[in-house]
$ cat query-v7.tsv   # TSV, C-alpha atoms and all ligand atoms
chain	number	residue	atom	x	y	z
A	1	MET	CA	35.61	199.87	135.58
A	2	PRO	CA	34.41	202.42	138.20
A	3	LEU	CA	30.65	202.20	138.73
A	4	HIS	CA	29.89	205.80	137.61
A	5	VAL	CA	31.72	205.19	134.27
A	6	PHE	CA	29.70	201.97	133.76
A	7	TRP	CA	26.39	203.85	134.41
A	8	THR	CA	27.37	206.63	131.97
A	9	CYS	CA	28.26	204.10	129.24
A	10	GLN	CA	25.00	202.25	129.83
A	11	GLU	CA	23.01	205.52	129.61
A	12	VAL	CA	24.79	206.55	126.36
A	13	PHE	CA	24.04	203.11	124.90
A	14	ARG	CA	20.34	203.30	125.95
A	15	ILE	CA	19.94	206.77	124.37
A	16	SER	CA	21.66	205.58	121.17
A	17	VAL	CA	19.26	202.62	120.90
A	18	LEU	CA	16.26	204.93	121.41
A	19	LEU	CA	17.48	207.36	118.75
A	20	PHE	CA	18.23	204.47	116.33
A	21	SER	CA	14.75	202.94	116.74
A	22	ALA	CA	13.06	206.34	116.33
A	23	ASN	CA	14.98	206.86	113.07
A	24	CYS	CA	14.12	203.35	111.90
A	25	SER	CA	10.43	203.80	112.54
A	26	ARG	CA	10.47	207.20	110.72
A	27	LEU	CA	12.32	205.50	107.86
A	28	SER	CA	9.85	202.65	107.75
A	29	ILE	CA	6.87	205.06	107.71
A	30	SER	CA	8.35	206.95	104.76
A	31	LEU	CA	9.32	203.68	102.98
A	32	ASN	CA	5.77	202.35	103.40
A	33	ALA	CA	4.34	205.54	101.91
A	34	ALA	CA	6.83	205.36	99.02
A	35	ASP	CA	6.09	201.68	98.49
A	36	LYS	CA	2.40	202.42	98.22
A	37	MET	CA	3.06	205.04	95.55
A	38	LEU	CA	5.61	202.97	93.60
A	39	LEU	CA	4.22	199.44	93.74
A	40	PRO	CA	1.66	198.85	90.97
A	41	SER	CA	-1.44	197.02	92.09
A	42	PHE	CA	-1.96	193.26	91.85
A	43	ASP	CA	-5.59	193.77	92.92
A	44	LEU	CA	-8.11	192.57	90.32
A	45	SER	CA	-11.30	193.72	92.07
A	46	GLY	CA	-14.01	194.66	89.57
A	47	LYS	CA	-12.31	192.82	86.70
A	48	THR	CA	-13.60	189.83	84.73
A	49	ALA	CA	-11.32	187.12	83.38
A	50	VAL	CA	-12.23	184.57	80.72
A	51	VAL	CA	-10.43	181.26	81.30
A	52	THR	CA	-10.70	178.47	78.72
A	53	GLY	CA	-10.64	174.85	79.89
A	54	CYS	CA	-10.97	175.63	83.58
A	55	ASN	CA	-13.04	172.66	84.75
A	56	VAL	CA	-9.86	170.82	85.85
A	57	GLY	CA	-6.08	171.12	86.07
A	58	LEU	CA	-4.08	174.28	85.46
A	59	GLY	CA	-7.09	176.24	84.20
A	60	ALA	CA	-9.06	175.58	87.40
A	61	ALA	CA	-6.11	176.65	89.58
A	62	MET	CA	-5.46	179.82	87.53
A	63	ALA	CA	-9.17	180.73	87.64
A	64	GLU	CA	-9.12	180.33	91.42
A	65	ALA	CA	-5.97	182.47	91.79
A	66	LEU	CA	-7.58	185.23	89.70
A	67	ALA	CA	-10.74	185.01	91.84
A	68	ALA	CA	-8.64	185.22	95.00
A	69	ALA	CA	-7.18	188.47	93.58
A	70	GLY	CA	-10.73	189.83	93.17
A	71	CYS	CA	-11.78	188.79	89.67
A	72	ASP	CA	-15.08	187.34	88.45
A	73	ILE	CA	-14.56	184.39	86.09
A	74	VAL	CA	-16.12	183.38	82.79
A	75	GLY	CA	-15.28	179.73	82.16
A	76	ILE	CA	-15.31	178.33	78.62
A	77	ASN	CA	-15.64	174.56	78.94
A	78	ARG	CA	-16.93	171.52	77.11
A	79	SER	CA	-18.31	169.97	80.31
A	80	ALA	CA	-19.71	171.11	83.65
A	81	PRO	CA	-17.09	172.97	85.71
A	82	ASP	CA	-18.92	172.25	89.01
A	83	LYS	CA	-15.82	171.94	91.20
A	84	THR	CA	-14.34	175.14	89.76
A	85	ILE	CA	-17.57	177.05	90.37
A	86	ALA	CA	-17.38	176.06	94.05
A	87	ARG	CA	-13.71	177.13	94.23
A	88	ILE	CA	-14.49	180.55	92.71
A	89	GLU	CA	-17.54	181.17	94.87
A	90	ARG	CA	-15.53	180.36	98.00
A	91	HIS	CA	-13.68	183.63	97.29
A	92	GLY	CA	-16.98	185.56	97.07
A	93	ARG	CA	-16.60	185.95	93.28
A	94	ARG	CA	-19.09	185.09	90.50
A	95	PHE	CA	-18.63	182.36	87.88
A	96	PHE	CA	-20.31	182.55	84.46
A	97	ASP	CA	-20.55	179.20	82.73
A	98	ILE	CA	-20.19	179.18	78.93
A	99	ARG	CA	-20.05	175.86	77.07
A	100	ALA	CA	-18.09	175.60	73.83
A	101	ASP	CA	-15.90	173.11	72.02
A	102	LEU	CA	-12.80	175.04	70.96
A	103	SER	CA	-11.78	172.44	68.39
A	104	ALA	CA	-14.25	174.05	65.93
A	105	THR	CA	-13.56	177.62	64.88
A	106	SER	CA	-17.30	177.98	64.22
A	107	ALA	CA	-17.86	177.75	68.01
A	108	ILE	CA	-15.56	180.73	68.59
A	109	ALA	CA	-17.60	183.25	66.61
A	110	ASP	CA	-20.36	183.63	69.19
A	111	ILE	CA	-18.27	183.27	72.38
A	112	VAL	CA	-17.55	186.99	72.81
A	113	PRO	CA	-21.18	188.06	72.16
A	114	ARG	CA	-22.26	185.49	74.79
A	115	ILE	CA	-19.69	186.86	77.26
A	116	GLU	CA	-20.84	190.44	76.57
A	117	GLN	CA	-24.42	189.44	77.41
A	118	SER	CA	-23.33	187.87	80.72
A	119	VAL	CA	-20.86	190.31	82.28
A	120	PRO	CA	-20.47	194.10	82.54
A	121	THR	CA	-16.76	194.15	81.68
A	122	LEU	CA	-14.27	191.88	79.98
A	123	ASP	CA	-10.68	192.56	80.96
A	124	ILE	CA	-8.55	189.40	80.81
A	125	LEU	CA	-8.36	186.32	78.59
A	126	VAL	CA	-6.43	183.22	79.65
A	127	ASN	CA	-6.03	180.83	76.70
A	128	ASN	CA	-5.49	177.67	78.73
A	129	ALA	CA	-7.43	174.85	76.99
A	130	GLY	CA	-5.09	172.40	75.34
A	131	ILE	CA	-4.62	168.77	74.38
A	132	ILE	CA	-1.68	166.48	73.65
A	133	ARG	CA	-1.26	163.34	71.50
A	134	ARG	CA	1.74	161.07	72.01
A	135	GLN	CA	2.93	159.20	68.93
A	136	ASP	CA	6.18	158.62	67.05
A	137	ALA	CA	6.73	161.24	64.36
A	138	LEU	CA	7.03	158.38	61.81
A	139	THR	CA	3.47	157.22	62.49
A	140	MET	CA	1.62	160.33	63.73
A	141	SER	CA	-1.69	160.67	61.86
A	142	MET	CA	-3.07	163.82	60.26
A	143	ALA	CA	-5.93	163.69	62.78
A	144	ASP	CA	-3.44	163.80	65.67
A	145	TRP	CA	-1.78	166.77	63.99
A	146	ASP	CA	-4.98	168.69	63.18
A	147	ASP	CA	-6.77	168.03	66.48
A	148	VAL	CA	-3.88	169.40	68.53
A	149	LEU	CA	-3.15	172.40	66.28
A	150	ASP	CA	-6.87	173.31	66.16
A	151	VAL	CA	-7.29	173.56	69.94
A	152	ASN	CA	-3.80	174.63	71.00
A	153	LEU	CA	-3.06	177.25	68.32
A	154	LYS	CA	-5.93	178.03	65.93
A	155	ALA	CA	-8.52	178.53	68.69
A	156	VAL	CA	-6.02	180.61	70.69
A	157	PHE	CA	-5.49	182.96	67.75
A	158	PHE	CA	-9.15	183.38	66.80
A	159	LEU	CA	-10.40	183.75	70.39
A	160	SER	CA	-7.64	186.30	71.07
A	161	GLN	CA	-8.65	188.13	67.90
A	162	ALA	CA	-12.32	188.24	68.98
A	163	VAL	CA	-11.42	189.47	72.49
A	164	ALA	CA	-8.92	192.04	71.17
A	165	ARG	CA	-11.59	193.40	68.81
A	166	HIS	CA	-13.82	193.84	71.90
A	167	PHE	CA	-11.03	195.79	73.69
A	168	VAL	CA	-10.23	197.94	70.66
A	169	ALA	CA	-13.88	198.72	69.85
A	170	ARG	CA	-14.39	199.99	73.42
A	171	ASN	CA	-10.98	201.63	73.68
A	172	VAL	CA	-10.25	199.74	76.92
A	173	PRO	CA	-6.99	198.10	77.98
A	174	GLY	CA	-6.80	194.31	78.18
A	175	LYS	CA	-4.63	191.38	79.16
A	176	ILE	CA	-4.20	188.21	77.12
A	177	ILE	CA	-2.29	185.33	78.71
A	178	ASN	CA	-1.47	182.28	76.63
A	179	VAL	CA	-0.37	178.95	78.03
A	180	ALA	CA	2.86	177.79	76.42
A	181	SER	CA	5.05	174.86	77.53
A	182	MET	CA	8.63	173.67	77.97
A	183	LEU	CA	8.09	172.50	74.38
A	184	SER	CA	7.87	176.13	73.30
A	185	PHE	CA	11.65	176.10	73.97
A	186	GLN	CA	12.62	172.44	73.54
A	187	GLY	CA	11.95	169.70	71.00
A	188	GLY	CA	10.40	167.01	73.16
A	189	ILE	CA	9.85	163.48	71.91
A	190	ARG	CA	6.78	161.69	70.46
A	191	VAL	CA	4.70	164.91	70.63
A	192	ALA	CA	5.29	166.49	67.20
A	193	SER	CA	1.92	168.26	66.93
A	194	TYR	CA	2.09	169.48	70.55
A	195	THR	CA	5.63	170.87	70.14
A	196	ALA	CA	4.56	172.60	66.90
A	197	SER	CA	1.54	174.13	68.63
A	198	LYS	CA	3.38	175.32	71.74
A	199	SER	CA	6.35	176.67	69.75
A	200	GLY	CA	3.71	178.48	67.71
A	201	ILE	CA	2.24	179.93	70.92
A	202	LEU	CA	5.60	181.51	71.78
A	203	GLY	CA	5.87	183.20	68.37
A	204	LEU	CA	2.20	184.18	68.28
A	205	THR	CA	2.50	185.77	71.74
A	206	ARG	CA	5.34	187.95	70.43
A	207	LEU	CA	3.52	188.87	67.23
A	208	LEU	CA	0.27	189.81	68.99
A	209	ALA	CA	2.21	191.87	71.53
A	210	ASN	CA	3.90	193.75	68.67
A	211	GLU	CA	0.60	194.50	66.97
A	212	TRP	CA	-1.60	195.19	69.99
A	213	ALA	CA	0.66	196.93	72.55
A	214	LYS	CA	-0.38	200.25	70.99
A	215	TYR	CA	-3.99	199.50	72.03
A	216	ARG	CA	-2.87	198.95	75.68
A	217	ILE	CA	-3.38	195.22	75.25
A	218	ASN	CA	-0.67	193.14	76.94
A	219	VAL	CA	-0.06	189.74	75.37
A	220	ASN	CA	2.18	187.39	77.34
A	221	ALA	CA	2.42	183.67	78.04
A	222	ILE	CA	3.14	181.32	80.92
A	223	ALA	CA	5.21	178.22	80.17
A	224	PRO	CA	4.43	175.63	82.85
A	225	GLY	CA	7.05	172.98	83.54
A	226	TYR	CA	6.08	169.41	84.33
A	227	MET	CA	2.85	169.71	86.32
A	228	SER	CA	0.65	167.06	87.96
A	229	THR	CA	-2.58	167.15	85.88
A	230	GLU	CA	-4.60	164.95	83.49
A	231	ASN	CA	-2.34	166.17	80.68
A	232	THR	CA	0.66	164.33	82.20
A	233	VAL	CA	-1.02	161.14	83.47
A	234	ALA	CA	0.75	159.02	80.82
A	235	LEU	CA	4.16	160.47	81.73
A	236	ARG	CA	3.63	160.14	85.46
A	237	SER	CA	2.42	156.55	85.20
A	238	ASP	CA	5.61	155.52	83.37
A	239	PRO	CA	8.00	155.02	86.33
A	240	VAL	CA	11.16	155.43	84.21
A	241	ARG	CA	10.05	158.71	82.56
A	242	TYR	CA	8.64	159.96	85.88
A	243	GLU	CA	11.99	159.50	87.66
A	244	GLU	CA	13.98	160.85	84.67
A	245	ILE	CA	11.93	164.05	84.69
A	246	LEU	CA	11.93	164.41	88.48
A	247	GLY	CA	15.70	163.97	88.59
A	248	ARG	CA	16.18	166.87	86.18
A	249	ILE	CA	13.97	169.41	87.98
A	250	PRO	CA	16.17	171.64	90.19
A	251	ALA	CA	13.25	172.27	92.57
A	252	GLY	CA	13.16	168.51	93.23
A	253	ARG	CA	9.43	168.09	92.64
A	254	TRP	CA	6.81	168.13	89.88
A	255	GLY	CA	4.79	171.33	89.74
A	256	GLU	CA	1.31	171.63	91.22
A	257	PRO	CA	-1.43	173.63	89.43
A	258	GLU	CA	-1.37	176.19	92.27
A	259	ASP	CA	2.25	177.02	91.35
A	260	LEU	CA	0.89	179.09	88.43
A	261	GLY	CA	-1.18	181.40	90.68
A	262	GLY	CA	1.40	184.15	91.16
A	263	ALA	CA	2.38	184.29	87.48
A	264	VAL	CA	-1.19	184.52	86.19
A	265	VAL	CA	-2.18	187.23	88.68
A	266	PHE	CA	0.96	189.22	87.83
A	267	LEU	CA	0.32	189.03	84.07
A	268	ALA	CA	-3.38	189.88	84.58
A	269	SER	CA	-2.70	192.90	86.78
A	270	ARG	CA	-1.45	196.49	86.44
A	271	ALA	CA	1.87	195.25	87.80
A	272	SER	CA	2.69	193.89	84.31
A	273	ASP	CA	1.49	196.87	82.25
A	274	TYR	CA	4.92	197.31	80.62
A	275	VAL	CA	5.58	193.58	80.07
A	276	GLN	CA	4.94	192.60	76.45
A	277	GLY	CA	5.39	189.43	74.40
A	278	HIS	CA	7.14	187.56	77.21
A	279	THR	CA	6.82	183.83	77.83
A	280	LEU	CA	7.40	183.28	81.54
A	281	PRO	CA	8.56	179.79	82.53
A	282	VAL	CA	7.14	178.46	85.81
A	283	ASP	CA	9.12	175.26	85.79
A	284	GLY	CA	11.00	174.67	89.04
A	285	GLY	CA	14.19	175.56	87.14
A	286	TRP	CA	13.84	172.93	84.35
A	287	LEU	CA	14.98	175.28	81.56
A	288	VAL	CA	18.00	176.69	83.36
A	289	ARG	CA	19.40	173.25	84.16
B	1	LIG	P1	-5.89	169.04	81.42
B	1	LIG	O1	-6.00	167.96	80.42
B	1	LIG	O2	-6.03	168.71	82.86
B	1	LIG	O3	-6.89	170.24	81.07
B	1	LIG	C1	-7.07	170.71	79.76
B	1	LIG	C2	-8.29	171.59	79.71
B	1	LIG	O4	-8.52	171.96	78.34
B	1	LIG	C3	-9.56	170.86	80.20
B	1	LIG	O5	-10.37	171.77	80.89
B	1	LIG	C4	-10.21	170.46	78.89
B	1	LIG	O6	-11.61	170.24	79.02
B	1	LIG	C5	-9.88	171.67	78.03
B	1	LIG	N1	-10.07	171.39	76.61
B	1	LIG	C6	-9.40	170.48	75.86
B	1	LIG	N2	-9.91	170.46	74.61
B	1	LIG	C7	-10.90	171.38	74.57
B	1	LIG	C8	-11.81	171.82	73.57
B	1	LIG	N3	-11.84	171.26	72.36
B	1	LIG	N4	-12.70	172.78	73.89
B	1	LIG	C9	-12.73	173.33	75.13
B	1	LIG	N5	-11.91	172.94	76.12
B	1	LIG	C10	-11.01	171.99	75.85
B	1	LIG	O7	-4.47	169.67	81.16
B	1	LIG	P2	-3.63	170.80	81.93
B	1	LIG	O8	-2.36	170.19	82.31
B	1	LIG	O9	-4.45	171.47	82.96
B	1	LIG	O10	-3.32	171.75	80.68
B	1	LIG	C11	-3.74	173.10	80.60
B	1	LIG	C12	-2.86	173.80	79.62
B	1	LIG	O11	-1.51	173.79	80.11
B	1	LIG	C13	-2.80	173.15	78.24
B	1	LIG	O12	-2.72	174.15	77.25
B	1	LIG	C14	-1.51	172.35	78.30
B	1	LIG	O13	-0.97	172.13	77.04
B	1	LIG	C15	-0.65	173.28	79.12
B	1	LIG	N6	0.51	172.67	79.77
B	1	LIG	C16	0.37	171.69	80.68
B	1	LIG	C17	1.52	171.17	81.28
B	1	LIG	C18	1.46	170.09	82.32
B	1	LIG	O14	2.53	169.60	82.73
B	1	LIG	N7	0.32	169.67	82.81
B	1	LIG	C19	2.77	171.68	80.95
B	1	LIG	C20	2.86	172.69	80.02
B	1	LIG	C21	1.71	173.19	79.43
$ encode --input "query-v7.tsv" --output "structure tokens"
Amino acid sequence: MPLHVFWTCQEVFRISVLLFSANCSRLSISLNAADKMLLPSFDLSGKTAVVTGCNVGLGAAMAEALAAAGCDIVGINRSAPDKTIARIERHGRRFFDIRADLSATSAIADIVPRIEQSVPTLDILVNNAGIIRRQDALTMSMADWDDVLDVNLKAVFFLSQAVARHFVARNVPGKIINVASMLSFQGGIRVASYTASKSGILGLTRLLANEWAKYRINVNAIAPGYMSTENTVALRSDPVRYEEILGRIPAGRWGEPEDLGGAVVFLASRASDYVQGHTLPVDGGWLVR
């Protein structure tokens, strides 16, 4: 190719690249502006979230994720949540420590008045506290039935009711996030009372969403898969069950408490304002297997 033709082609190519990048950067400026207008905020600055059972496990990790998004935390616990307080304060947020045993409905009555005395606003409730009892259905006792249903379902309903009354009385929007389970969708084995309670959570989440959406209260649930916490110590220390479960998880690992962070912040934020009555699995693909 003659040299002058080569130079001309090179110049045309250089000008084309310049024009293309100028267009791209204009496009990206206008996309960024549009994104800012269209993307609802995940920021929780100025909000307060109540998290039950947040001294350990999933509750502690969800409380920390909410704090990282800007939220102050009210923890409802039976025992000192010292480690969680440190995790929240690391994010520059405040932690309000309320002690209550959620197995007794009598304890629930004064929880909301105590919260109202402690914090200026109440915006989010995460019903996380829960227990499990493993026993064959043929031999499960009434105590193992009642204890699990009381904490996992009855307390969830009556605490949600108390918090929703607070929202409605003040005409403010609110977010209620329940903690469901794979056993909201599946039968499980040797956990009759737990399966009943978590299946109940799925239905209750739908019912409360139906009744309270008109008050701008969003009720949704997170269904964690198999997560490494106290709740699953028995399963994880049985090598056969541990491997059986691991082998069925498409993600190839058990979940960590921090895996729930994105889901809880989404359901607590404006980004989920039009999401109602949904139970969101965070399960490494367990349910779609
Ligand atoms: P965990 O045992 O580590 O923590 C349970 C929390 O609930 C603790 O803070 C405990 O003190 C609190 N709690 C229990 N009974 C209470 C009561 N009477 N009053 C007040 N607080 C009480 O378990 P986790 O795995 O962190 O479980 C948290 C939630 O997630 C539970 O609802 C559980 O059913 C659910 N879940 C766990 C898994 C899992 O794999 N770990 C899977 C699905 C659902």
$ residues_around --input "query-v7.tsv" --residues "Ser184 in chain A" --least-positions-apart "5" --cutoff "10 Å" --atoms "only C-alpha atoms" --output "PyMOL selection string"
chain A and resi 179+194-203+223+279+281
$ axis_aligned_box --input "query-v7.tsv" --around "range 84-100 of chain A" --padding-each-side "8 Å" --output "JSON"
{"center_x": -17.1, "center_y": 180.5, "center_z": 85.9, "size_x": 22.9, "size_y": 26.8, "size_z": 40.2}
$ residues_near_ligand --input "query-v7.tsv" --ligand "ligand LIG 1 (chain B)" --cutoff "7 Å" --atoms "all atoms listed in the file" --output "PDB file with C-alpha atoms, in the frame of the given file"
ATOM      1  CA  THR A  52     -10.700 178.470  78.720  1.00  0.00           C
ATOM      2  CA  GLY A  53     -10.640 174.850  79.890  1.00  0.00           C
ATOM      3  CA  CYS A  54     -10.970 175.630  83.580  1.00  0.00           C
ATOM      4  CA  ASN A  55     -13.040 172.660  84.750  1.00  0.00           C
ATOM      5  CA  VAL A  56      -9.860 170.820  85.850  1.00  0.00           C
ATOM      6  CA  GLY A  57      -6.080 171.120  86.070  1.00  0.00           C
ATOM      7  CA  LEU A  58      -4.080 174.280  85.460  1.00  0.00           C
ATOM      8  CA  GLY A  59      -7.090 176.240  84.200  1.00  0.00           C
ATOM      9  CA  ILE A  76     -15.310 178.330  78.620  1.00  0.00           C
ATOM     10  CA  ASN A  77     -15.640 174.560  78.940  1.00  0.00           C
ATOM     11  CA  ARG A  78     -16.930 171.520  77.110  1.00  0.00           C
ATOM     12  CA  SER A  79     -18.310 169.970  80.310  1.00  0.00           C
ATOM     13  CA  ALA A 100     -18.090 175.600  73.830  1.00  0.00           C
ATOM     14  CA  ASP A 101     -15.900 173.110  72.020  1.00  0.00           C
ATOM     15  CA  LEU A 102     -12.800 175.040  70.960  1.00  0.00           C
ATOM     16  CA  SER A 103     -11.780 172.440  68.390  1.00  0.00           C
ATOM     17  CA  ASN A 128      -5.490 177.670  78.730  1.00  0.00           C
ATOM     18  CA  ALA A 129      -7.430 174.850  76.990  1.00  0.00           C
ATOM     19  CA  GLY A 130      -5.090 172.400  75.340  1.00  0.00           C
ATOM     20  CA  ILE A 131      -4.620 168.770  74.380  1.00  0.00           C
ATOM     21  CA  ILE A 132      -1.680 166.480  73.650  1.00  0.00           C
ATOM     22  CA  VAL A 151      -7.290 173.560  69.940  1.00  0.00           C
ATOM     23  CA  ASN A 152      -3.800 174.630  71.000  1.00  0.00           C
ATOM     24  CA  VAL A 179      -0.370 178.950  78.030  1.00  0.00           C
ATOM     25  CA  ALA A 180       2.860 177.790  76.420  1.00  0.00           C
ATOM     26  CA  SER A 181       5.050 174.860  77.530  1.00  0.00           C
ATOM     27  CA  MET A 182       8.630 173.670  77.970  1.00  0.00           C
ATOM     28  CA  ALA A 223       5.210 178.220  80.170  1.00  0.00           C
ATOM     29  CA  PRO A 224       4.430 175.630  82.850  1.00  0.00           C
ATOM     30  CA  GLY A 225       7.050 172.980  83.540  1.00  0.00           C
ATOM     31  CA  TYR A 226       6.080 169.410  84.330  1.00  0.00           C
ATOM     32  CA  MET A 227       2.850 169.710  86.320  1.00  0.00           C
ATOM     33  CA  SER A 228       0.650 167.060  87.960  1.00  0.00           C
ATOM     34  CA  THR A 229      -2.580 167.150  85.880  1.00  0.00           C
ATOM     35  CA  GLU A 230      -4.600 164.950  83.490  1.00  0.00           C
ATOM     36  CA  ASN A 231      -2.340 166.170  80.680  1.00  0.00           C
ATOM     37  CA  THR A 232       0.660 164.330  82.200  1.00  0.00           C
TER      38      THR A 232
END
$ residues_around --input "query-v7.tsv" --residues "Val168 in chain A" --least-positions-apart "4" --cutoff "10 Å" --atoms "all atoms listed in the file" --output "ChimeraX atom specification"
/A:163-164,172-174,212,215-217
$ residues_near_point --input "query-v7.tsv" --point "(14.8, 174.4, 96.1)" --cutoff "12 Å" --atoms "all atoms listed in the file" --output "list in words"
Ile249, Pro250, Ala251, Gly252, Arg253, Trp254, Asp283, Gly284, Gly285 and Trp286 of chain A
$ write_last_selection --input "query-v7.tsv" --atoms "C-alpha atoms" --output "compact mmCIF listing (two decimals), in the frame of the given file"
# COMPACT_ATOMS: atom_id res chain seq x y z
CA ILE A 249 13.97 169.41 87.98
CA PRO A 250 16.17 171.64 90.19
CA ALA A 251 13.25 172.27 92.57
CA GLY A 252 13.16 168.51 93.23
CA ARG A 253 9.43 168.09 92.64
CA TRP A 254 6.81 168.13 89.88
CA ASP A 283 9.12 175.26 85.79
CA GLY A 284 11.00 174.67 89.04
CA GLY A 285 14.19 175.56 87.14
CA TRP A 286 13.84 172.93 84.35
$ atom_distance --input "query-v7.tsv" --atom1 "CA of Glu116 in chain A" --atom2 "CA of Ser160 in chain A"
14.9 Å
$ closest_residue --input "query-v7.tsv" --among "A:Leu204, A:Leu159, A:Leu235, A:Ala209" --to "Arg190 in chain A" --atoms "only C-alpha atoms"
A:Leu235
$ atom_distance --input "query-v7.tsv" --atom1 "CA of Ala271 in chain A" --atom2 "CA of Lys175 in chain A"
11.5 Å
$ closest_residue --input "query-v7.tsv" --among "A:Ala263, A:Val156, A:Leu207, A:Ala137" --to "Ala61 in chain A" --atoms "only C-alpha atoms"
A:Ala263
$ atom_distance --input "query-v7.tsv" --atom1 "CA of Ala169 in chain A" --atom2 "CA of Leu125 in chain A"
16.1 Å
$ residues_near_point --input "query-v7.tsv" --point "(-16.8, 194.3, 85.2)" --cutoff "6 Å" --atoms "all atoms listed in the file" --output "ChimeraX atom specification"
/A:46-48,120-121
$ residues_around --input "query-v7.tsv" --residues "Ile98 in chain A" --least-positions-apart "3" --cutoff "8 Å" --atoms "all atoms listed in the file" --output "ChimeraX atom specification"
/A:74-77,111,114-115
$ residues_around --input "query-v7.tsv" --residues "Val126 in chain A" --least-positions-apart "2" --cutoff "7 Å" --atoms "only C-alpha atoms" --output "list in words"
Val50, Val51, Thr52, Ile124, Asn128, Ile176, Ile177 and Asn178 of chain A
$ decode --input "query-v7.tsv" --residues "range 235-255 of chain A" --atoms "C-alpha atoms" --output "PDB file, in the first residue's frame"
ATOM      1  CA  LEU A 235     -26.499 -31.440  61.242  1.00  0.00           C
ATOM      2  CA  ARG A 236     -22.960 -30.300  60.571  1.00  0.00           C
ATOM      3  CA  SER A 237     -21.470 -32.621  63.177  1.00  0.00           C
ATOM      4  CA  ASP A 238     -23.119 -35.659  61.542  1.00  0.00           C
ATOM      5  CA  PRO A 239     -20.603 -36.400  58.735  1.00  0.00           C
ATOM      6  CA  VAL A 240     -23.130 -38.351  56.624  1.00  0.00           C
ATOM      7  CA  ARG A 241     -25.846 -35.655  56.744  1.00  0.00           C
ATOM      8  CA  TYR A 242     -23.222 -32.924  56.280  1.00  0.00           C
ATOM      9  CA  GLU A 243     -21.923 -34.488  53.050  1.00  0.00           C
ATOM     10  CA  GLU A 244     -25.451 -35.351  51.815  1.00  0.00           C
ATOM     11  CA  ILE A 245     -26.523 -31.723  52.198  1.00  0.00           C
ATOM     12  CA  LEU A 246     -23.303 -30.285  50.760  1.00  0.00           C
ATOM     13  CA  GLY A 247     -23.551 -32.560  47.727  1.00  0.00           C
ATOM     14  CA  ARG A 248     -27.022 -31.225  46.928  1.00  0.00           C
ATOM     15  CA  ILE A 249     -26.186 -27.495  47.116  1.00  0.00           C
ATOM     16  CA  PRO A 250     -25.492 -26.193  43.582  1.00  0.00           C
ATOM     17  CA  ALA A 251     -23.225 -23.450  44.971  1.00  0.00           C
ATOM     18  CA  GLY A 252     -21.009 -26.212  46.403  1.00  0.00           C
ATOM     19  CA  ARG A 253     -20.812 -24.784  49.918  1.00  0.00           C
ATOM     20  CA  TRP A 254     -22.912 -24.232  53.040  1.00  0.00           C
ATOM     21  CA  GLY A 255     -24.123 -20.667  53.448  1.00  0.00           C
TER      22      GLY A 255
END
